Amino acid sequence: MMFSGLWERRSKLNKQEKGQLIADLKKKFSRAKTVVFTDYKGMTVAELTELRSLLKKSSLDYGIVKNTLARIASRDTAVEVAADTFKGPVGVAIGYDDPVLVVKKVLEFTKTHEKLQVKGAVIEGKLCEQREVKEIAALPSREVLLSMLAGVLQAPLSKMAGALSATVSSFAYAMEAIKNKKVINEQ
């Protein structure tokens, strides 16, 4: 989803247009699991378009916001904790599903485009500084973490199943031995 009408719009907006833009951005902020704030100063339009394309492939949004409108839109959302971040040139990357994915994608882009700087992020309602954002990007993806958890949970269960199987087998062998002993004694 693109930020309809909000991105790169430099002309004067009337009150109705501003209200619509604020409402649209508020919806996005309300749905967002992660919002990454960037300083795009010095980047070309082509580089910003490349970033948008990269993020769009993963169902993520990126755009430049008017600080005043973004501050208003952030009220009563998880992004409100970052209202002070809306100063100077601010680009916003928004992720709706996997909280770590948008952070990873933006930092991946900064490796080849040094002009883009990460200012911070709001991840699941928590304001994170630049240092914390980099630490979060180093985490495995949600799917990898879930598979690791499944493996950890599965190991004790398979050991317990093996122990129970061994106990049942031992019991069966003991019963067979008793039966054979009785048969021998009766002969």
# chains A, B, ... in the order shown; residues from 1 in each chain; ligands from 1
$ select_by_dssp --residues "range 2-156 of chain A" --states "alpha helix (DSSP H)" --output "NGL selection string"
:A and (15-31 or 45-56 or 67-74 or 101-112 or 130-137 or 142-156)
$ residues_around --residues "Leu107 in chain A" --least-positions-apart "3" --cutoff "12 Å" --atoms "only C-alpha atoms" --output "PyMOL selection string"
chain A and resi 36-38+51+54-55+93+100-104+110-121+130-131+133-138
$ write_last_selection --atoms "N, CA and C atoms" --output "short mmCIF file (atom, residue, chain, number, x, y, z; two decimals), in the first residue's frame"
data_model
loop_
_atom_site.label_atom_id
_atom_site.label_comp_id
_atom_site.auth_asym_id
_atom_site.auth_seq_id
_atom_site.Cartn_x
_atom_site.Cartn_y
_atom_site.Cartn_z
N VAL A 36 9.88 2.55 11.00
CA VAL A 36 11.29 2.93 11.04
C VAL A 36 11.41 4.35 10.50
N PHE A 37 12.10 5.21 11.25
CA PHE A 37 12.28 6.61 10.86
C PHE A 37 13.66 6.78 10.25
N THR A 38 13.72 7.41 9.08
CA THR A 38 14.99 7.58 8.38
C THR A 38 15.22 9.05 8.04
N LEU A 51 14.40 2.30 -3.03
CA LEU A 51 14.06 1.88 -1.67
C LEU A 51 12.58 1.50 -1.58
N LEU A 54 12.06 -1.86 -3.24
CA LEU A 54 12.58 -2.95 -2.42
C LEU A 54 11.59 -3.29 -1.31
N LEU A 55 11.07 -2.27 -0.65
CA LEU A 55 10.15 -2.50 0.45
C LEU A 55 8.79 -2.98 -0.03
N ALA A 93 9.31 4.11 7.08
CA ALA A 93 9.10 2.77 6.54
C ALA A 93 8.16 2.05 7.50
N VAL A 100 10.27 -7.48 12.51
CA VAL A 100 11.70 -7.37 12.24
C VAL A 100 11.98 -7.16 10.75
N LEU A 101 11.09 -7.59 9.89
CA LEU A 101 11.32 -7.56 8.45
C LEU A 101 11.63 -6.16 7.93
N VAL A 102 10.84 -5.17 8.29
CA VAL A 102 11.05 -3.81 7.78
C VAL A 102 12.39 -3.26 8.26
N VAL A 103 12.78 -3.58 9.49
CA VAL A 103 14.07 -3.13 10.02
C VAL A 103 15.20 -3.75 9.21
N LYS A 104 15.11 -5.05 8.94
CA LYS A 104 16.14 -5.74 8.16
C LYS A 104 16.26 -5.16 6.76
N THR A 110 20.67 0.43 3.55
CA THR A 110 21.68 1.40 4.00
C THR A 110 23.11 0.90 3.76
N LYS A 111 23.28 -0.40 3.61
CA LYS A 111 24.63 -0.94 3.34
C LYS A 111 25.15 -0.48 1.99
N THR A 112 24.27 -0.30 1.03
CA THR A 112 24.69 0.13 -0.31
C THR A 112 24.36 1.60 -0.58
N HIS A 113 23.60 2.23 0.31
CA HIS A 113 23.22 3.64 0.16
C HIS A 113 23.46 4.34 1.49
N GLU A 114 24.68 4.79 1.69
CA GLU A 114 25.10 5.34 2.97
C GLU A 114 24.42 6.66 3.34
N LYS A 115 23.82 7.33 2.37
CA LYS A 115 23.15 8.60 2.67
C LYS A 115 21.89 8.39 3.51
N LEU A 116 21.26 7.24 3.37
CA LEU A 116 20.07 6.94 4.16
C LEU A 116 20.51 6.56 5.57
N GLN A 117 20.01 7.30 6.54
CA GLN A 117 20.37 7.06 7.94
C GLN A 117 19.12 6.68 8.73
N VAL A 118 19.24 5.66 9.56
CA VAL A 118 18.13 5.26 10.42
C VAL A 118 18.20 6.12 11.68
N LYS A 119 17.09 6.80 11.99
CA LYS A 119 17.02 7.65 13.18
C LYS A 119 16.53 6.87 14.40
N GLY A 120 15.68 5.90 14.16
CA GLY A 120 15.08 5.12 15.24
C GLY A 120 13.88 4.37 14.70
N ALA A 121 13.11 3.79 15.61
CA ALA A 121 11.93 3.02 15.20
C ALA A 121 10.97 2.88 16.36
N GLN A 130 18.66 4.15 17.45
CA GLN A 130 19.39 3.59 16.30
C GLN A 130 20.16 2.33 16.67
N ARG A 131 20.83 2.33 17.81
CA ARG A 131 21.62 1.18 18.27
C ARG A 131 20.73 -0.05 18.46
N VAL A 133 17.85 -0.60 17.05
CA VAL A 133 17.32 -1.02 15.75
C VAL A 133 18.30 -1.99 15.09
N LYS A 134 19.59 -1.68 15.17
CA LYS A 134 20.61 -2.56 14.57
C LYS A 134 20.66 -3.91 15.28
N GLU A 135 20.47 -3.91 16.60
CA GLU A 135 20.46 -5.16 17.35
C GLU A 135 19.25 -6.01 16.96
N ILE A 136 18.11 -5.37 16.79
CA ILE A 136 16.89 -6.08 16.42
C ILE A 136 17.03 -6.68 15.02
N ALA A 137 17.69 -5.96 14.12
CA ALA A 137 17.88 -6.46 12.75
C ALA A 137 18.74 -7.72 12.73
N ALA A 138 19.56 -7.91 13.76
CA ALA A 138 20.42 -9.10 13.82
C ALA A 138 19.64 -10.34 14.26
#
$ residues_around --residues "Leu25 in chain A" --least-positions-apart "2" --cutoff "9 Å" --atoms "only C-alpha atoms" --output "list in words"
Phe3, Leu6, Gln20, Leu21, Ile22, Ala23, Lys27, Lys28, Phe29, Ser30, Leu69, Ala70, Ala73 and Ser74 of chain A
$ write_last_selection --atoms "C-alpha atoms" --output "PDB file, in the first residue's frame"
ATOM      1  CA  PHE A   3       0.721   6.525   1.115  1.00  0.00           C
ATOM      2  CA  LEU A   6       1.235  12.137   1.120  1.00  0.00           C
ATOM      3  CA  GLN A  20      -7.699  13.028   4.569  1.00  0.00           C
ATOM      4  CA  LEU A  21      -3.909  12.608   4.628  1.00  0.00           C
ATOM      5  CA  ILE A  22      -3.887  12.600   8.424  1.00  0.00           C
ATOM      6  CA  ALA A  23      -6.673   9.993   8.502  1.00  0.00           C
ATOM      7  CA  LYS A  27      -4.765   4.153   9.779  1.00  0.00           C
ATOM      8  CA  LYS A  28      -1.300   3.037   8.689  1.00  0.00           C
ATOM      9  CA  PHE A  29       0.229   3.929  12.063  1.00  0.00           C
ATOM     10  CA  SER A  30      -2.588   2.062  13.854  1.00  0.00           C
ATOM     11  CA  LEU A  69       0.805  15.987   9.704  1.00  0.00           C
ATOM     12  CA  ALA A  70       2.717  12.922  10.914  1.00  0.00           C
ATOM     13  CA  ALA A  73      -1.591  11.350  12.785  1.00  0.00           C
ATOM     14  CA  SER A  74       0.526   9.622  15.428  1.00  0.00           C
TER      15      SER A  74
END
$ atom_distance --atom1 "CA of Thr34 in chain A" --atom2 "CA of Gly125 in chain A"
8.0 Å
$ select_by_dssp --residues "range 28-180 of chain A" --states "strand (DSSP E)" --output "number ranges by chain"
A: 34-39, 61-64, 91-95, 117-123, 126-129
$ residues_around --residues "Glu50 in chain A" --least-positions-apart "3" --cutoff "12 Å" --atoms "only C-alpha atoms" --output "PyMOL selection string"
chain A and resi 43-47+53-57+62-63+106+109-110+112-113
$ atom_distance --atom1 "CA of Gln16 in chain A" --atom2 "CA of Thr68 in chain A"
15.3 Å
$ residues_around --residues "Ile94 in chain A" --least-positions-apart "2" --cutoff "6 Å" --atoms "only C-alpha atoms" --output "list in words"
Thr34, Val35, Leu60 and Asp61 of chain A
$ write_last_selection --atoms "C-alpha atoms" --output "PDB file, in the first residue's frame"
ATOM      1  CA  THR A  34       6.968  -1.478  13.091  1.00  0.00           C
ATOM      2  CA  VAL A  35       7.687   2.059  11.923  1.00  0.00           C
ATOM      3  CA  LEU A  60       6.069  -2.712   3.239  1.00  0.00           C
ATOM      4  CA  ASP A  61       5.577   1.035   2.754  1.00  0.00           C
TER       5      ASP A  61
END
$ closest_residue --among "A:Ala150, A:Ala32, A:Val144, A:Val79" --to "Asp97 in chain A" --atoms "only C-alpha atoms"
A:Ala32
$ atom_distance --atom1 "CA of Ile123 in chain A" --atom2 "CA of Asp98 in chain A"
10.1 Å
